[in-house]
>>> print(open('structure38.tsv').read())   # TSV, C-alpha atoms and all ligand atoms
chain	number	residue	atom	x	y	z
A	1	MET	CA	-8.19	15.30	60.35
A	2	LEU	CA	-11.58	17.08	59.97
A	3	ILE	CA	-10.91	20.78	59.63
A	4	SER	CA	-12.96	23.91	59.09
A	5	GLY	CA	-13.73	24.76	55.48
A	6	LYS	CA	-12.69	28.32	56.25
A	7	LYS	CA	-9.21	27.23	57.25
A	8	LEU	CA	-8.82	24.76	54.40
A	9	LEU	CA	-9.77	27.37	51.79
A	10	GLU	CA	-7.64	30.12	53.36
A	11	LYS	CA	-4.54	28.10	52.51
A	12	ALA	CA	-5.75	27.53	48.93
A	13	TYR	CA	-6.52	31.26	48.61
A	14	THR	CA	-3.09	32.30	49.87
A	15	GLU	CA	-1.17	29.78	47.80
A	16	GLY	CA	-3.34	30.12	44.66
A	17	TYR	CA	-4.77	26.67	43.95
A	18	ALA	CA	-8.23	25.08	44.05
A	19	VAL	CA	-9.48	22.29	46.30
A	20	GLY	CA	-11.99	19.84	44.87
A	21	GLN	CA	-15.33	19.27	46.50
A	22	PHE	CA	-16.36	15.68	45.93
A	23	ASN	CA	-19.89	14.57	46.78
A	24	PHE	CA	-20.55	11.23	48.46
A	25	LEU	CA	-23.47	9.30	49.85
A	26	ASN	CA	-22.06	5.87	50.48
A	27	LEU	CA	-18.99	4.05	51.75
A	28	GLU	CA	-17.42	3.12	48.45
A	29	VAL	CA	-17.56	6.57	46.86
A	30	LEU	CA	-16.02	8.08	49.99
A	31	GLN	CA	-13.29	5.42	50.08
A	32	GLY	CA	-12.46	6.16	46.44
A	33	ILE	CA	-12.19	9.89	47.20
A	34	MET	CA	-10.02	9.30	50.27
A	35	GLU	CA	-7.68	6.86	48.54
A	36	ALA	CA	-7.11	9.50	45.86
A	37	ALA	CA	-6.48	12.26	48.44
A	38	ALA	CA	-3.96	10.10	50.27
A	39	GLU	CA	-2.17	9.06	47.08
A	40	GLU	CA	-2.06	12.59	45.72
A	41	LYS	CA	-1.26	14.17	49.11
A	42	SER	CA	-4.14	16.55	48.61
A	43	PRO	CA	-6.49	18.34	50.98
A	44	VAL	CA	-10.09	17.41	50.21
A	45	ILE	CA	-13.66	18.61	50.70
A	46	ILE	CA	-16.15	15.79	51.04
A	47	ALA	CA	-19.73	16.92	50.62
A	48	THR	CA	-23.27	15.81	51.18
A	49	THR	CA	-26.33	17.39	49.60
A	50	GLU	CA	-29.70	17.52	51.31
A	51	GLY	CA	-30.68	14.78	48.87
A	52	ALA	CA	-27.78	12.64	50.08
A	53	ILE	CA	-28.81	13.27	53.68
A	54	LYS	CA	-32.38	12.19	52.95
A	55	TYR	CA	-30.98	9.05	51.32
A	56	ALA	CA	-28.30	8.05	53.84
A	57	ARG	CA	-29.08	10.09	57.02
A	58	ILE	CA	-26.85	12.36	59.05
A	59	PRO	CA	-25.40	9.82	61.53
A	60	TYR	CA	-24.26	7.44	58.78
A	61	LEU	CA	-22.68	10.22	56.74
A	62	TYR	CA	-21.03	11.87	59.71
A	63	HIS	CA	-19.53	8.62	60.94
A	64	LEU	CA	-18.27	7.75	57.46
A	65	ALA	CA	-16.49	11.12	57.40
A	66	LYS	CA	-15.14	10.54	60.90
A	67	ALA	CA	-13.87	7.11	59.82
A	68	ALA	CA	-12.14	8.76	56.86
A	69	SER	CA	-10.43	11.25	59.16
A	70	GLU	CA	-9.26	8.47	61.49
A	71	THR	CA	-8.00	6.38	58.60
A	72	TYR	CA	-6.11	9.33	57.07
A	73	PRO	CA	-5.02	11.53	59.99
A	74	ASP	CA	-2.58	13.47	57.81
A	75	VAL	CA	-5.12	14.49	55.16
A	76	PRO	CA	-6.94	17.78	55.84
A	77	ILE	CA	-10.62	16.94	55.28
A	78	THR	CA	-13.57	19.32	55.33
A	79	LEU	CA	-17.05	17.86	55.72
A	80	HIS	CA	-19.34	20.21	53.81
A	81	LEU	CA	-23.09	20.59	53.31
A	82	ASP	CA	-23.67	21.27	49.61
A	83	HIS	CA	-26.62	23.48	48.55
A	84	GLY	CA	-28.14	23.74	52.03
A	85	LYS	CA	-31.56	25.35	51.88
A	86	ASP	CA	-33.50	23.82	54.72
A	87	PHE	CA	-32.67	25.46	58.07
A	88	ALA	CA	-33.54	22.28	59.98
A	89	ILE	CA	-30.97	20.31	57.96
A	90	ILE	CA	-28.40	23.10	58.25
A	91	GLN	CA	-28.77	23.18	62.02
A	92	ALA	CA	-28.65	19.39	62.28
A	93	CYS	CA	-25.42	19.29	60.27
A	94	ILE	CA	-23.81	21.97	62.43
A	95	LYS	CA	-24.82	20.07	65.54
A	96	ALA	CA	-23.56	16.75	64.19
A	97	GLY	CA	-20.09	18.06	63.31
A	98	TRP	CA	-20.05	19.24	59.67
A	99	THR	CA	-17.16	21.69	59.33
A	100	SER	CA	-18.51	23.74	56.45
A	101	ILE	CA	-21.99	24.79	55.38
A	102	MET	CA	-23.24	26.13	52.10
A	103	PHE	CA	-26.37	28.20	52.27
A	104	ASP	CA	-27.88	28.32	48.80
A	105	GLY	CA	-30.17	31.33	48.56
A	106	SER	CA	-29.38	31.83	44.89
A	107	SER	CA	-33.00	31.45	43.82
A	108	LEU	CA	-34.16	34.13	46.31
A	109	PRO	CA	-34.32	37.87	45.68
A	110	PHE	CA	-30.97	39.54	46.47
A	111	GLU	CA	-31.99	41.13	49.81
A	112	GLU	CA	-33.61	37.92	51.05
A	113	ASN	CA	-30.56	35.87	50.05
A	114	MET	CA	-28.39	38.32	52.04
A	115	ALA	CA	-30.65	38.21	55.10
A	116	LYS	CA	-30.86	34.41	55.19
A	117	THR	CA	-27.14	34.02	54.52
A	118	LYS	CA	-26.44	36.32	57.49
A	119	GLU	CA	-28.52	34.07	59.73
A	120	VAL	CA	-26.49	31.03	58.70
A	121	VAL	CA	-23.25	32.99	59.15
A	122	LYS	CA	-24.34	33.70	62.72
A	123	LEU	CA	-24.98	30.00	63.37
A	124	CYS	CA	-21.63	28.92	61.93
A	125	LYS	CA	-19.31	31.66	63.16
A	126	ARG	CA	-19.55	30.60	66.78
A	127	LYS	CA	-18.11	27.23	65.83
A	128	GLY	CA	-15.53	28.54	63.38
A	129	ILE	CA	-17.26	26.67	60.54
A	130	GLY	CA	-16.86	27.89	56.96
A	131	ILE	CA	-19.94	29.37	55.24
A	132	GLU	CA	-20.28	29.31	51.48
A	133	ALA	CA	-23.02	31.42	49.93
A	134	GLU	CA	-24.18	31.64	46.32
A	135	LEU	CA	-25.00	34.55	44.09
A	136	GLY	CA	-26.25	34.08	40.54
A	137	VAL	CA	-28.04	31.04	39.16
A	138	LEU	CA	-26.62	27.95	37.44
A	139	ALA	CA	-28.74	26.23	34.84
A	140	GLY	CA	-29.11	22.46	34.89
A	141	VAL	CA	-30.77	19.77	36.90
A	142	GLU	CA	-29.60	17.18	39.41
A	143	ASP	CA	-32.27	15.70	41.65
A	144	ASP	CA	-32.87	18.34	44.29
A	145	VAL	CA	-30.83	21.10	42.68
A	146	SER	CA	-32.33	22.64	39.60
A	147	ALA	CA	-32.66	25.89	37.70
A	148	GLU	CA	-34.02	26.67	34.27
A	149	HIS	CA	-31.51	29.24	33.05
A	150	ASN	CA	-28.17	30.79	33.91
A	151	LYS	CA	-28.14	34.15	35.64
A	152	TYR	CA	-24.52	35.29	35.78
A	153	THR	CA	-23.29	36.83	39.03
A	154	ASP	CA	-23.41	40.61	39.06
A	155	VAL	CA	-20.04	42.09	40.09
A	156	GLU	CA	-21.41	44.97	42.19
A	157	GLN	CA	-23.83	42.66	43.96
A	158	ALA	CA	-21.02	40.23	44.73
A	159	VAL	CA	-18.98	43.00	46.39
A	160	THR	CA	-21.91	44.13	48.56
A	161	PHE	CA	-22.97	40.57	49.36
A	162	ALA	CA	-19.54	39.42	50.55
A	163	LYS	CA	-19.05	42.55	52.64
A	164	LYS	CA	-22.47	42.54	54.29
A	165	THR	CA	-23.03	38.84	54.94
A	166	GLY	CA	-19.64	37.80	56.27
A	167	CYS	CA	-19.72	34.52	54.29
A	168	THR	CA	-16.27	32.93	54.10
A	169	SER	CA	-16.50	31.84	50.45
A	170	LEU	CA	-18.74	32.73	47.54
A	171	ALA	CA	-20.09	30.56	44.71
A	172	ILE	CA	-20.49	32.54	41.50
A	173	ALA	CA	-22.29	31.81	38.25
A	174	ILE	CA	-20.03	32.30	35.23
A	175	GLY	CA	-21.50	29.87	32.71
A	176	THR	CA	-21.26	26.37	34.18
A	177	SER	CA	-24.28	24.25	35.06
A	178	HIS	CA	-25.06	21.17	37.13
A	179	GLY	CA	-25.33	17.73	35.58
A	180	ALA	CA	-23.98	15.87	32.57
A	181	TYR	CA	-25.28	18.14	29.79
A	182	LYS	CA	-23.54	21.46	30.21
A	183	PHE	CA	-22.74	22.85	26.76
A	184	LYS	CA	-24.14	22.41	23.27
A	185	GLY	CA	-20.82	23.36	21.61
A	186	ASP	CA	-17.41	24.00	23.19
A	187	SER	CA	-17.32	24.73	26.90
A	188	ASN	CA	-17.04	28.40	27.65
A	189	ILE	CA	-16.94	30.31	30.90
A	190	ASP	CA	-16.92	34.04	31.55
A	191	ILE	CA	-13.32	34.53	32.68
A	192	GLU	CA	-13.54	38.33	32.40
A	193	ARG	CA	-16.37	38.38	34.94
A	194	LEU	CA	-14.36	36.08	37.20
A	195	LYS	CA	-11.36	38.46	37.00
A	196	GLU	CA	-13.56	41.43	37.93
A	197	ILE	CA	-15.08	39.62	40.89
A	198	LYS	CA	-11.68	38.34	42.04
A	199	ALA	CA	-10.26	41.87	41.93
A	200	ARG	CA	-12.95	43.19	44.27
A	201	VAL	CA	-14.03	40.31	46.49
A	202	SER	CA	-11.33	39.10	48.85
A	203	ILE	CA	-12.69	35.71	49.91
A	204	PRO	CA	-12.28	32.34	48.13
A	205	LEU	CA	-14.49	31.95	45.06
A	206	VAL	CA	-16.25	28.69	44.23
A	207	LEU	CA	-17.14	27.08	40.90
A	208	HIS	CA	-20.15	24.77	40.90
A	209	GLY	CA	-21.22	22.57	38.02
A	210	ALA	CA	-17.59	22.02	37.12
A	211	SER	CA	-17.45	18.31	36.21
A	212	GLY	CA	-15.39	17.45	33.15
A	213	VAL	CA	-17.78	14.75	31.83
A	214	TYR	CA	-14.76	13.39	29.96
A	215	ALA	CA	-15.37	11.94	26.50
A	216	ASP	CA	-13.15	8.90	27.24
A	217	LEU	CA	-15.25	8.01	30.28
A	218	VAL	CA	-18.54	8.65	28.49
A	219	THR	CA	-17.41	6.37	25.64
A	220	LEU	CA	-16.39	3.67	28.11
A	221	ALA	CA	-19.71	3.97	30.00
A	222	GLU	CA	-21.59	3.70	26.72
A	223	SER	CA	-19.59	0.63	25.72
A	224	TYR	CA	-21.06	-1.05	28.81
A	225	GLY	CA	-24.60	0.04	27.96
A	226	ALA	CA	-25.05	3.58	29.35
A	227	ASN	CA	-26.94	6.19	27.36
A	228	LEU	CA	-25.21	9.55	27.80
A	229	LYS	CA	-26.00	11.01	24.40
A	230	GLY	CA	-25.04	14.68	24.21
A	231	ALA	CA	-23.20	14.67	27.53
A	232	SER	CA	-20.48	17.31	27.87
A	233	GLY	CA	-18.63	19.09	30.65
A	234	VAL	CA	-16.17	21.84	31.49
A	235	SER	CA	-12.89	21.33	29.61
A	236	ASP	CA	-9.58	21.01	31.46
A	237	GLU	CA	-8.46	24.18	29.70
A	238	MET	CA	-11.39	26.13	31.20
A	239	ILE	CA	-10.65	24.71	34.64
A	240	ARG	CA	-7.00	25.80	34.35
A	241	LEU	CA	-8.13	29.30	33.40
A	242	ALA	CA	-10.57	29.37	36.30
A	243	THR	CA	-7.95	28.37	38.87
A	244	ALA	CA	-5.37	30.73	37.38
A	245	ASN	CA	-7.85	33.58	37.76
A	246	GLY	CA	-9.03	33.08	41.30
A	247	ILE	CA	-11.27	30.03	41.77
A	248	ASN	CA	-10.26	28.20	44.99
A	249	LYS	CA	-12.95	25.52	45.25
A	250	ILE	CA	-14.31	23.34	42.46
A	251	ASN	CA	-17.38	21.13	42.87
A	252	CYS	CA	-17.64	17.68	41.32
A	253	ASP	CA	-20.51	15.28	41.61
A	254	THR	CA	-21.44	14.22	38.08
A	255	ASP	CA	-17.90	12.97	37.31
A	256	LEU	CA	-18.06	10.68	40.34
A	257	ARG	CA	-21.57	9.45	39.54
A	258	ILE	CA	-20.55	8.52	36.01
A	259	SER	CA	-17.32	6.91	37.24
A	260	PHE	CA	-19.01	4.80	39.89
A	261	MET	CA	-21.78	3.75	37.54
A	262	THR	CA	-19.26	2.85	34.83
A	263	GLY	CA	-17.37	0.56	37.21
A	264	ILE	CA	-20.58	-1.19	38.18
A	265	ARG	CA	-21.68	-1.55	34.57
A	266	GLN	CA	-18.31	-2.96	33.55
A	267	THR	CA	-18.47	-5.71	36.16
A	268	PHE	CA	-22.07	-6.53	35.28
A	269	LYS	CA	-21.21	-6.78	31.61
A	270	GLU	CA	-17.89	-8.64	31.88
A	271	HIS	CA	-18.84	-10.95	34.76
A	272	PRO	CA	-22.55	-11.69	34.52
A	273	GLU	CA	-22.03	-14.73	36.72
A	274	ASP	CA	-20.70	-12.59	39.60
A	275	PHE	CA	-23.16	-11.54	42.29
A	276	ASP	CA	-20.69	-10.48	44.97
A	277	VAL	CA	-21.51	-6.86	45.87
A	278	ARG	CA	-17.81	-6.24	46.53
A	279	SER	CA	-17.00	-6.97	42.89
A	280	PHE	CA	-19.15	-4.28	41.32
A	281	CYS	CA	-18.98	-1.70	44.14
A	282	GLY	CA	-15.23	-2.33	44.37
A	283	ASN	CA	-14.82	-1.59	40.68
A	284	GLY	CA	-16.99	1.54	41.08
A	285	LYS	CA	-14.71	2.64	43.92
A	286	LYS	CA	-11.61	2.16	41.77
A	287	MET	CA	-13.13	4.28	38.97
A	288	VAL	CA	-13.98	7.03	41.49
A	289	ARG	CA	-10.41	6.96	42.84
A	290	GLU	CA	-8.90	7.40	39.37
A	291	MET	CA	-11.29	10.25	38.54
A	292	VAL	CA	-10.60	12.10	41.79
A	293	LYS	CA	-6.84	11.77	41.28
A	294	ARG	CA	-7.20	13.23	37.80
A	295	ARG	CA	-9.19	16.15	39.19
A	296	MET	CA	-6.82	16.85	42.09
A	297	ILE	CA	-3.86	17.07	39.73
A	298	LEU	CA	-5.81	19.40	37.43
A	299	PHE	CA	-6.94	21.67	40.29
A	300	GLY	CA	-3.41	22.04	41.67
A	301	SER	CA	-4.28	20.64	45.11
A	302	ALA	CA	-2.09	17.53	44.64
A	303	GLY	CA	1.09	17.67	46.70
A	304	ARG	CA	-0.19	20.44	49.00
A	305	ILE	CA	-0.06	18.41	52.24
B	401	LIG	O1	-24.84	20.26	43.05
B	401	LIG	C1	-25.64	19.43	43.04
B	401	LIG	C2	-25.58	18.01	43.23
B	401	LIG	O2	-24.80	17.37	42.30
B	401	LIG	C3	-26.98	17.47	43.29
B	401	LIG	O3	-26.95	16.36	44.03
B	401	LIG	O4	-28.84	14.84	43.56
B	401	LIG	O5	-27.66	14.78	45.73
B	401	LIG	O6	-29.18	16.68	45.19
B	401	LIG	P1	-28.28	15.63	44.64
B	402	LIG	P1	-21.42	18.79	38.59
B	402	LIG	O1	-22.81	18.40	38.28
B	402	LIG	O2	-20.77	19.48	37.45
B	402	LIG	O3	-20.58	17.68	39.11
B	402	LIG	O4	-21.48	19.89	39.77
B	402	LIG	C1	-21.68	19.50	41.08
B	402	LIG	C2	-21.90	20.64	41.99
B	402	LIG	O5	-21.81	21.80	41.65
B	402	LIG	C3	-22.22	20.30	43.37
B	402	LIG	O6	-22.48	21.42	44.14
B	403	ZN	ZN	-23.57	22.91	42.99
>>> encode(input="structure38.tsv", output="C-alpha cells")
Amino acid sequence: MLISGKKLLEKAYTEGYAVGQFNFLNLEVLQGIMEAAAEEKSPVIIATTEGAIKYARIPYLYHLAKAASETYPDVPITLHLDHGKDFAIIQACIKAGWTSIMFDGSSLPFEENMAKTKEVVKLCKRKGIGIEAELGVLAGVEDDVSAEHNKYTDVEQAVTFAKKTGCTSLAIAIGTSHGAYKFKGDSNIDIERLKEIKARVSIPLVLHGASGVYADLVTLAESYGANLKGASGVSDEMIRLATANGINKINCDTDLRISFMTGIRQTFKEHPEDFDVRSFCGNGKKMVREMVKRRMILFGSAGRI
C-alpha cells in the first residue's frame, strides 16, 4: 500500500523507531528492498533523487513503486522524492503520485530556504503528502548532491523553521555526510545537538548520509576488484544513539550501491562465462536484500507491521 510519508513517520515518531529510506532507480534494487521489507515486516520509504528521475524517468519509477505496492499490499510504502530542488520535478512527482517530497533548500540563505519550503508545503498539503525540509549542510558528494563542508543545524533556527514552514519532517546536519568516505577516524555525530533539537522541535527528524559502509562488505567488494580505499560510514553504535535520541528517518543510498555493485562483481569474477543479465543483476538484488534487512533491524522498524 502506498501511503503518505507524513502518516508513515507519525507512527515511527509516536512509537520511537526509525524508518529507512532506501534509494532506487531500477527494478532489481527495488525488488531487493521490497523483499527485505516483506521478510522483516517493516514499513519502508523508497526514494528517487532528481538524478534517478533523469536516468529512469517518472513513469517508469512510479509504476515500479505501484507494482511494489500491489505485490506487497500489507507493507506500508512511501514513495519519496529525495533532495528535490527543481520545482518542475517536484510538481511532476506530486502529479504522478509520489506520497512524500523533500525540498532541499539547505544551500540557500535561511530566509530563502523558509520561503521556498513554504511554497512546497502549500503544494503538498492539499494532497496530504509529507514534506521533508533540510536545515544545515552535509559535506560529501554523490552525483547531483554535493557540498564542500558540514554546517551543523542551528537549534534556534530549527525551531523557527519548523514552526513557520509547516514541513512535516526535518533533515538536520549533525556530522554525517553523503557518499562512501564519511570519516577519517571513528564515526562521530553530535548527539547533544540532536537532543536539543528533539526537545524543541516536535516533528520527525531525519538523518541523511547515514550509510554504514560496512568493512565486511567493503572487503568483499575489494576481493572482487573494487577500489574503495578509505571508505567508511556511520557505525551501528552511532545509529542506535541517533534513533534512541529522536531520529525517525534514516537515509541509505551508498550501502545499496555498494551492495548491488558487489553482487554484480562477484558474478563477473566467479562466472566469467555467464552473460545472462539475470545472473549478475539477480546476485546484486540478493546483496541489496541482505543489506536492507540488516538496516531495518538496526533502525528498529523490523516487526512494526
Ligand atoms: O542523497 C543523495 C543521493 O545518494 C545522491 O544520489 O546520485 O542519485 O543524485 P544521486
Ligand atoms: P548515504 O550516501 O550515506 O547513503 O546517504 C544517502 C542520503 O542521504 C540520501 O538522501
Ligand atoms: Zn541525503
>>> residues_near_point(input="structure38.tsv", point="(-13.8, 31.0, 32.7)", cutoff="10 Å", atoms="all atoms listed in the file", output="MDAnalysis selection string")
chainID A and resid 174:176 187:195 207 234 237:245 247
>>> atom_distance(input="structure38.tsv", atom1="atom CA of A:Asp253", atom2="atom CA of A:Val44")
13.7 Å
>>> atom_distance(input="structure38.tsv", atom1="atom CA of A:Gly166", atom2="atom CA of A:Gly130")
10.3 Å
>>> closest_residue(input="structure38.tsv", among="A:Val288, A:Val121, A:Leu298, A:Leu25", to="ligand LIG 401 (chain B)", atoms="only C-alpha atoms and all ligand atoms")
A:Leu25
>>> axis_aligned_box(input="structure38.tsv", around="ligand LIG 401 (chain B)", padding_each_side="5 Å", output="lines of an AutoDock Vina configuration file")
center_x = -27.0
center_y = 17.5
center_z = 44.0
size_x = 14.4
size_y = 15.5
size_z = 13.4
>>> residues_near_ligand(input="structure38.tsv", ligand="ligand ZN 403 (chain B)", cutoff="10 Å", atoms="all atoms listed in the file", output="list in words")
Gln21, Asn23, Thr49, Asp82, His83, Met102, Asp104, Glu134, Leu138, Gly140, Val141, Glu142, Val145, Ser146, Ala171, Thr176, Ser177, His178, Gly179, Val206, Leu207, His208, Gly209, Ala210, Ile250, Asn251, Cys252 and Asp253 of chain A
>>> atom_distance(input="structure38.tsv", atom1="atom CA of A:Leu81", atom2="atom CA of A:Ser202")
22.4 Å
>>> closest_residue(input="structure38.tsv", among="A:Lys41, A:Lys184, A:Arg257, A:Lys286", to="ligand LIG 401 (chain B)", atoms="only C-alpha atoms and all ligand atoms")
A:Arg257
>>> residues_around(input="structure38.tsv", residues="stretch 60-63 of chain A", least_positions_apart="6", cutoff="10 Å", atoms="only C-alpha atoms", output="ChimeraX atom specification")
/A:24-27,30,47-48,52-53,69,79,93,96-98
>>> closest_residue(input="structure38.tsv", among="A:Ala133, A:Leu170, A:Met1, A:Ile77", to="A:Phe22", atoms="all atoms listed in the file")
A:Ile77
>>> closest_residue(input="structure38.tsv", among="A:Asp154, A:Asp74, A:Asp86, A:Asp186", to="A:Ile3", atoms="all atoms listed in the file")
A:Asp74
>>> closest_residue(input="structure38.tsv", among="A:Gly84, A:Gly212, A:Gly303, A:Pro43", to="ligand LIG 401 (chain B)", atoms="only C-alpha atoms and all ligand atoms")
A:Gly84
>>> closest_residue(input="structure38.tsv", among="A:Ile131, A:Ile258, A:Leu220, A:Val19", to="ligand LIG 402 (chain B)", atoms="only C-alpha atoms and all ligand atoms")
A:Ile258
>>> decode(input="structure38.tsv", residues="stretch 197-228 of chain A", atoms="N, CA and C atoms", output="PDB file, in the first residue's frame")
ATOM      1  N   ILE A 197      17.642  19.654  19.648  1.00  0.00           N
ATOM      2  CA  ILE A 197      16.645  19.878  18.587  1.00  0.00           C
ATOM      3  C   ILE A 197      15.389  19.060  18.892  1.00  0.00           C
ATOM      4  N   LYS A 198      15.588  17.818  19.274  1.00  0.00           N
ATOM      5  CA  LYS A 198      14.464  16.923  19.573  1.00  0.00           C
ATOM      6  C   LYS A 198      13.577  17.510  20.686  1.00  0.00           C
ATOM      7  N   ALA A 199      14.225  18.126  21.666  1.00  0.00           N
ATOM      8  CA  ALA A 199      13.466  18.670  22.799  1.00  0.00           C
ATOM      9  C   ALA A 199      12.576  19.836  22.376  1.00  0.00           C
ATOM     10  N   ARG A 200      12.927  20.502  21.273  1.00  0.00           N
ATOM     11  CA  ARG A 200      12.198  21.730  20.934  1.00  0.00           C
ATOM     12  C   ARG A 200      11.483  21.693  19.597  1.00  0.00           C
ATOM     13  N   VAL A 201      11.719  20.658  18.817  1.00  0.00           N
ATOM     14  CA  VAL A 201      11.051  20.566  17.509  1.00  0.00           C
ATOM     15  C   VAL A 201      10.192  19.300  17.523  1.00  0.00           C
ATOM     16  N   SER A 202       8.880  19.482  17.409  1.00  0.00           N
ATOM     17  CA  SER A 202       8.039  18.286  17.598  1.00  0.00           C
ATOM     18  C   SER A 202       7.526  17.689  16.287  1.00  0.00           C
ATOM     19  N   ILE A 203       8.432  17.516  15.329  1.00  0.00           N
ATOM     20  CA  ILE A 203       8.131  16.746  14.119  1.00  0.00           C
ATOM     21  C   ILE A 203       9.262  15.723  13.943  1.00  0.00           C
ATOM     22  N   PRO A 204       9.021  14.664  13.144  1.00  0.00           N
ATOM     23  CA  PRO A 204      10.089  13.670  12.955  1.00  0.00           C
ATOM     24  C   PRO A 204      11.379  14.283  12.384  1.00  0.00           C
ATOM     25  N   LEU A 205      12.503  13.835  12.922  1.00  0.00           N
ATOM     26  CA  LEU A 205      13.809  14.320  12.459  1.00  0.00           C
ATOM     27  C   LEU A 205      14.454  13.263  11.570  1.00  0.00           C
ATOM     28  N   VAL A 206      15.214  13.737  10.589  1.00  0.00           N
ATOM     29  CA  VAL A 206      15.747  12.853   9.546  1.00  0.00           C
ATOM     30  C   VAL A 206      17.278  12.920   9.527  1.00  0.00           C
ATOM     31  N   LEU A 207      17.896  11.755   9.365  1.00  0.00           N
ATOM     32  CA  LEU A 207      19.360  11.701   9.248  1.00  0.00           C
ATOM     33  C   LEU A 207      19.747  11.288   7.835  1.00  0.00           C
ATOM     34  N   HIS A 208      20.381  12.186   7.119  1.00  0.00           N
ATOM     35  CA  HIS A 208      20.906  11.869   5.780  1.00  0.00           C
ATOM     36  C   HIS A 208      22.339  11.360   5.927  1.00  0.00           C
ATOM     37  N   GLY A 209      22.865  10.865   4.829  1.00  0.00           N
ATOM     38  CA  GLY A 209      24.268  10.452   4.811  1.00  0.00           C
ATOM     39  C   GLY A 209      24.568   9.429   5.891  1.00  0.00           C
ATOM     40  N   ALA A 210      23.648   8.467   6.058  1.00  0.00           N
ATOM     41  CA  ALA A 210      23.736   7.589   7.222  1.00  0.00           C
ATOM     42  C   ALA A 210      24.194   6.168   6.892  1.00  0.00           C
ATOM     43  N   SER A 211      24.652   5.925   5.669  1.00  0.00           N
ATOM     44  CA  SER A 211      25.071   4.560   5.318  1.00  0.00           C
ATOM     45  C   SER A 211      26.182   4.056   6.251  1.00  0.00           C
ATOM     46  N   GLY A 212      26.185   2.756   6.453  1.00  0.00           N
ATOM     47  CA  GLY A 212      27.170   2.143   7.349  1.00  0.00           C
ATOM     48  C   GLY A 212      28.510   1.863   6.683  1.00  0.00           C
ATOM     49  N   VAL A 213      28.494   1.743   5.345  1.00  0.00           N
ATOM     50  CA  VAL A 213      29.713   1.424   4.566  1.00  0.00           C
ATOM     51  C   VAL A 213      30.521   0.365   5.336  1.00  0.00           C
ATOM     52  N   TYR A 214      29.866  -0.767   5.582  1.00  0.00           N
ATOM     53  CA  TYR A 214      30.425  -1.807   6.447  1.00  0.00           C
ATOM     54  C   TYR A 214      31.751  -2.375   5.923  1.00  0.00           C
ATOM     55  N   ALA A 215      32.690  -2.538   6.859  1.00  0.00           N
ATOM     56  CA  ALA A 215      34.021  -3.038   6.483  1.00  0.00           C
ATOM     57  C   ALA A 215      33.930  -4.417   5.826  1.00  0.00           C
ATOM     58  N   ASP A 216      33.025  -5.280   6.315  1.00  0.00           N
ATOM     59  CA  ASP A 216      32.939  -6.631   5.730  1.00  0.00           C
ATOM     60  C   ASP A 216      32.520  -6.559   4.256  1.00  0.00           C
ATOM     61  N   LEU A 217      31.603  -5.651   3.955  1.00  0.00           N
ATOM     62  CA  LEU A 217      31.149  -5.518   2.564  1.00  0.00           C
ATOM     63  C   LEU A 217      32.232  -4.875   1.689  1.00  0.00           C
ATOM     64  N   VAL A 218      32.899  -3.873   2.258  1.00  0.00           N
ATOM     65  CA  VAL A 218      33.972  -3.209   1.508  1.00  0.00           C
ATOM     66  C   VAL A 218      35.076  -4.226   1.174  1.00  0.00           C
ATOM     67  N   THR A 219      35.425  -5.059   2.160  1.00  0.00           N
ATOM     68  CA  THR A 219      36.460  -6.080   1.934  1.00  0.00           C
ATOM     69  C   THR A 219      36.020  -7.058   0.845  1.00  0.00           C
ATOM     70  N   LEU A 220      34.757  -7.464   0.924  1.00  0.00           N
ATOM     71  CA  LEU A 220      34.231  -8.400  -0.081  1.00  0.00           C
ATOM     72  C   LEU A 220      34.266  -7.751  -1.478  1.00  0.00           C
ATOM     73  N   ALA A 221      33.791  -6.496  -1.547  1.00  0.00           N
ATOM     74  CA  ALA A 221      33.778  -5.782  -2.840  1.00  0.00           C
ATOM     75  C   ALA A 221      35.195  -5.701  -3.400  1.00  0.00           C
ATOM     76  N   GLU A 222      36.153  -5.415  -2.505  1.00  0.00           N
ATOM     77  CA  GLU A 222      37.536  -5.276  -2.970  1.00  0.00           C
ATOM     78  C   GLU A 222      38.112  -6.621  -3.411  1.00  0.00           C
ATOM     79  N   SER A 223      37.623  -7.698  -2.783  1.00  0.00           N
ATOM     80  CA  SER A 223      38.117  -9.020  -3.199  1.00  0.00           C
ATOM     81  C   SER A 223      37.662  -9.350  -4.621  1.00  0.00           C
ATOM     82  N   TYR A 224      36.620  -8.682  -5.081  1.00  0.00           N
ATOM     83  CA  TYR A 224      36.153  -8.893  -6.463  1.00  0.00           C
ATOM     84  C   TYR A 224      36.637  -7.780  -7.399  1.00  0.00           C
ATOM     85  N   GLY A 225      37.534  -6.922  -6.889  1.00  0.00           N
ATOM     86  CA  GLY A 225      38.155  -5.948  -7.776  1.00  0.00           C
ATOM     87  C   GLY A 225      37.792  -4.489  -7.561  1.00  0.00           C
ATOM     88  N   ALA A 226      36.895  -4.182  -6.610  1.00  0.00           N
ATOM     89  CA  ALA A 226      36.533  -2.774  -6.381  1.00  0.00           C
ATOM     90  C   ALA A 226      37.693  -2.027  -5.724  1.00  0.00           C
ATOM     91  N   ASN A 227      37.708  -0.722  -5.902  1.00  0.00           N
ATOM     92  CA  ASN A 227      38.675   0.106  -5.181  1.00  0.00           C
ATOM     93  C   ASN A 227      37.902   1.072  -4.300  1.00  0.00           C
ATOM     94  N   LEU A 228      37.836   0.768  -3.011  1.00  0.00           N
ATOM     95  CA  LEU A 228      37.092   1.618  -2.074  1.00  0.00           C
ATOM     96  C   LEU A 228      38.024   2.059  -0.948  1.00  0.00           C
TER      97      LEU A 228
END
